file model.txt (compact mmCIF, N, CA and C atoms and all ligand atoms)
# COMPACT_ATOMS: atom_id res chain seq x y z
N MET A 1 3.07 -10.59 -9.87
CA MET A 1 3.95 -9.42 -9.82
C MET A 1 3.10 -8.16 -9.73
N MET A 2 3.41 -7.40 -8.73
CA MET A 2 2.61 -6.21 -8.46
C MET A 2 3.38 -4.97 -8.88
N THR A 3 2.82 -4.29 -9.83
CA THR A 3 3.49 -3.08 -10.30
C THR A 3 2.57 -1.89 -10.10
N ILE A 4 2.91 -1.08 -9.13
CA ILE A 4 2.09 0.10 -8.89
C ILE A 4 2.81 1.36 -9.35
N GLN A 5 4.03 1.15 -9.76
CA GLN A 5 4.79 2.32 -10.16
C GLN A 5 4.25 2.87 -11.47
N GLY A 6 3.89 4.12 -11.45
CA GLY A 6 3.44 4.75 -12.68
C GLY A 6 1.96 5.01 -12.73
N ILE A 7 1.17 4.00 -12.34
CA ILE A 7 -0.27 4.17 -12.43
C ILE A 7 -0.93 3.77 -11.12
N CYS A 8 -1.83 4.61 -10.68
CA CYS A 8 -2.56 4.32 -9.45
C CYS A 8 -3.44 3.10 -9.65
N PRO A 9 -3.34 2.11 -8.75
CA PRO A 9 -4.14 0.89 -8.92
C PRO A 9 -5.62 1.11 -8.68
N LYS A 10 -5.96 2.22 -8.07
CA LYS A 10 -7.37 2.46 -7.78
C LYS A 10 -8.07 3.28 -8.86
N CYS A 11 -7.50 4.43 -9.15
CA CYS A 11 -8.17 5.31 -10.10
C CYS A 11 -7.57 5.23 -11.50
N GLY A 12 -6.43 4.57 -11.61
CA GLY A 12 -5.86 4.34 -12.93
C GLY A 12 -5.14 5.53 -13.53
N LYS A 13 -5.06 6.60 -12.75
CA LYS A 13 -4.36 7.77 -13.27
C LYS A 13 -2.87 7.64 -13.04
N ARG A 14 -2.15 8.33 -13.84
CA ARG A 14 -0.70 8.29 -13.69
C ARG A 14 -0.30 8.96 -12.38
N VAL A 15 0.61 8.31 -11.70
CA VAL A 15 1.07 8.85 -10.42
C VAL A 15 2.34 9.64 -10.66
N LEU A 16 2.13 10.90 -10.95
CA LEU A 16 3.28 11.77 -11.16
C LEU A 16 3.63 12.50 -9.88
N HIS A 17 2.64 12.62 -9.02
CA HIS A 17 2.86 13.24 -7.73
C HIS A 17 2.18 12.38 -6.67
N VAL A 18 2.71 12.40 -5.50
CA VAL A 18 2.07 11.69 -4.40
C VAL A 18 1.97 12.62 -3.20
N ASN A 19 0.96 12.39 -2.42
CA ASN A 19 0.91 13.07 -1.14
C ASN A 19 1.78 12.29 -0.17
N VAL A 20 2.63 12.99 0.53
CA VAL A 20 3.51 12.34 1.48
C VAL A 20 3.08 12.76 2.88
N ALA A 21 2.88 11.78 3.72
CA ALA A 21 2.48 12.08 5.08
C ALA A 21 3.33 11.27 6.05
N THR A 22 3.57 11.87 7.17
CA THR A 22 4.32 11.16 8.19
C THR A 22 3.35 10.39 9.08
N VAL A 23 3.57 9.11 9.18
CA VAL A 23 2.72 8.28 10.00
C VAL A 23 3.59 7.49 10.97
N VAL A 24 2.95 6.87 11.92
CA VAL A 24 3.69 6.11 12.92
C VAL A 24 3.41 4.63 12.75
N GLY A 25 4.47 3.87 12.61
CA GLY A 25 4.32 2.43 12.49
C GLY A 25 4.03 1.81 13.84
N MET A 26 2.99 1.01 13.88
CA MET A 26 2.58 0.41 15.14
C MET A 26 2.86 -1.09 15.13
N VAL A 27 3.38 -1.57 16.22
CA VAL A 27 3.58 -3.01 16.39
C VAL A 27 2.88 -3.42 17.67
N ASP A 28 1.86 -4.25 17.51
CA ASP A 28 1.07 -4.68 18.66
C ASP A 28 0.55 -3.50 19.47
N GLY A 29 0.14 -2.48 18.77
CA GLY A 29 -0.45 -1.33 19.43
C GLY A 29 0.54 -0.37 20.04
N VAL A 30 1.82 -0.62 19.80
CA VAL A 30 2.83 0.27 20.34
C VAL A 30 3.55 0.95 19.19
N SER A 31 3.67 2.25 19.28
CA SER A 31 4.36 2.97 18.22
C SER A 31 5.83 2.61 18.21
N LYS A 32 6.28 2.23 17.04
CA LYS A 32 7.66 1.73 16.94
C LYS A 32 8.56 2.64 16.14
N SER A 33 8.06 3.13 15.05
CA SER A 33 8.94 3.92 14.21
C SER A 33 8.14 4.89 13.37
N ARG A 34 8.81 5.89 12.96
CA ARG A 34 8.17 6.88 12.10
C ARG A 34 8.24 6.40 10.66
N CYS A 35 7.15 6.54 9.99
CA CYS A 35 7.08 6.07 8.61
C CYS A 35 6.56 7.18 7.71
N ILE A 36 6.73 6.94 6.44
CA ILE A 36 6.22 7.88 5.45
C ILE A 36 5.21 7.15 4.58
N SER A 37 4.05 7.73 4.43
CA SER A 37 3.05 7.13 3.55
C SER A 37 2.95 7.96 2.28
N HIS A 38 2.71 7.27 1.20
CA HIS A 38 2.53 7.93 -0.09
C HIS A 38 1.12 7.64 -0.56
N SER A 39 0.40 8.68 -0.86
CA SER A 39 -0.97 8.47 -1.32
C SER A 39 -1.22 9.21 -2.62
N CYS A 40 -2.13 8.67 -3.40
CA CYS A 40 -2.48 9.25 -4.69
C CYS A 40 -3.12 10.62 -4.49
N ILE A 41 -2.69 11.58 -5.28
CA ILE A 41 -3.26 12.92 -5.12
C ILE A 41 -4.65 13.00 -5.72
N HIS A 42 -5.01 12.00 -6.51
CA HIS A 42 -6.31 12.03 -7.17
C HIS A 42 -7.39 11.39 -6.30
N CYS A 43 -7.13 10.20 -5.81
CA CYS A 43 -8.15 9.48 -5.06
C CYS A 43 -7.72 9.21 -3.63
N HIS A 44 -6.51 9.59 -3.30
CA HIS A 44 -6.00 9.50 -1.93
C HIS A 44 -5.82 8.07 -1.43
N VAL A 45 -5.81 7.12 -2.32
CA VAL A 45 -5.52 5.77 -1.88
C VAL A 45 -4.03 5.71 -1.49
N VAL A 46 -3.75 4.96 -0.46
CA VAL A 46 -2.36 4.85 -0.02
C VAL A 46 -1.63 3.88 -0.93
N LEU A 47 -0.59 4.37 -1.52
CA LEU A 47 0.18 3.56 -2.47
C LEU A 47 1.27 2.77 -1.77
N GLY A 48 1.71 3.27 -0.64
CA GLY A 48 2.75 2.54 0.06
C GLY A 48 3.20 3.29 1.29
N VAL A 49 3.80 2.53 2.17
CA VAL A 49 4.34 3.12 3.39
C VAL A 49 5.75 2.58 3.59
N GLN A 50 6.63 3.48 3.92
CA GLN A 50 7.99 3.04 4.17
C GLN A 50 8.51 3.69 5.43
N ILE A 51 9.48 3.06 6.02
CA ILE A 51 10.06 3.61 7.23
C ILE A 51 10.87 4.85 6.89
N ASP A 52 10.68 5.87 7.68
CA ASP A 52 11.43 7.10 7.47
C ASP A 52 12.81 6.96 8.09
N HIS A 53 13.76 6.69 7.23
CA HIS A 53 15.11 6.45 7.74
C HIS A 53 15.79 7.73 8.21
N ARG A 54 15.22 8.83 7.79
CA ARG A 54 15.83 10.10 8.20
C ARG A 54 15.46 10.45 9.63
N ALA A 55 14.33 9.93 10.05
CA ALA A 55 13.86 10.26 11.39
C ALA A 55 14.68 9.49 12.41
N LYS A 56 15.11 10.20 13.39
CA LYS A 56 15.88 9.55 14.44
C LYS A 56 14.95 9.24 15.61
N PRO A 57 15.25 8.17 16.30
CA PRO A 57 14.49 7.91 17.52
C PRO A 57 14.72 9.03 18.52
N ARG A 58 13.87 9.10 19.47
CA ARG A 58 13.97 10.20 20.44
C ARG A 58 15.39 10.32 20.98
N SER A 59 15.95 11.47 20.68
CA SER A 59 17.33 11.68 21.09
C SER A 59 17.40 12.45 22.39
N LYS A 60 18.28 11.98 23.23
CA LYS A 60 18.46 12.68 24.50
C LYS A 60 19.46 13.82 24.36
N ASN A 61 20.09 13.85 23.20
CA ASN A 61 21.09 14.89 22.98
C ASN A 61 20.45 16.24 22.68
N LYS A 62 19.21 16.15 22.25
CA LYS A 62 18.53 17.38 21.90
C LYS A 62 18.13 18.14 23.18
N PRO A 63 18.66 19.31 23.34
CA PRO A 63 18.34 20.05 24.57
C PRO A 63 16.88 20.47 24.62
N ALA A 64 16.28 20.25 25.74
CA ALA A 64 14.90 20.64 25.90
C ALA A 64 14.82 22.15 26.06
N PRO A 65 13.84 22.74 25.41
CA PRO A 65 13.70 24.20 25.54
C PRO A 65 13.34 24.60 26.98
N THR A 66 14.08 25.51 27.48
CA THR A 66 13.81 25.99 28.84
C THR A 66 13.29 27.41 28.80
N GLU A 67 12.41 27.67 29.69
CA GLU A 67 11.83 29.01 29.71
C GLU A 67 12.17 29.74 30.99
ZN ZN B 1 -5.55 7.26 -7.48

call {"tool": "encode", "arguments": {"input": "model.txt", "output": "structure tokens"}}
result
Amino acid sequence: MMTIQGICPKCGKRVLHVNVATVVGMVDGVSKSRCISHSCIHCHVVLGVQIDHRAKPRSKNKPAPTE
């Protein structure tokens, strides 16, 4: 059983805050989905990555800026 909640597995400090970064999930070298990574603010080890459900795939509804 793996419990990383609460304490960083690398530096052992309490994880009260995490750095959140947007990353791209790759499948066979092809970008598939936008993900969010959480990393320790102390040692910057990545604690986990999850798919960003808020991010929408490229939408054609969004009007392209015209100049
Ligand atoms: Zn850490």

call {"tool": "residues_near_ligand", "arguments": {"input": "model.txt", "ligand": "ligand ZN 1 (chain B)", "cutoff": "8 Å", "atoms": "all atoms listed in the file", "output": "ChimeraX atom specification"}}
result
/A:7-15,39-46

call {"tool": "atom_distance", "arguments": {"input": "model.txt", "atom1": "CA of Val24 (chain A)", "atom2": "atom N of His53 (chain A)"}}
result
11.6 Å

call {"tool": "atom_distance", "arguments": {"input": "model.txt", "atom1": "CA of His38 (chain A)", "atom2": "CA of Thr22 (chain A)"}}
result
9.1 Å

call {"tool": "atom_distance", "arguments": {"input": "model.txt", "atom1": "CA of Gly25 (chain A)", "atom2": "atom C of Asp52 (chain A)"}}
result
10.6 Å

call {"tool": "closest_residue", "arguments": {"input": "model.txt", "among": "A:Ala21, A:Ile51, A:Gly6, A:Pro65", "to": "Arg34 (chain A)", "atoms": "only N, CA and C atoms"}}
result
A:Ile51
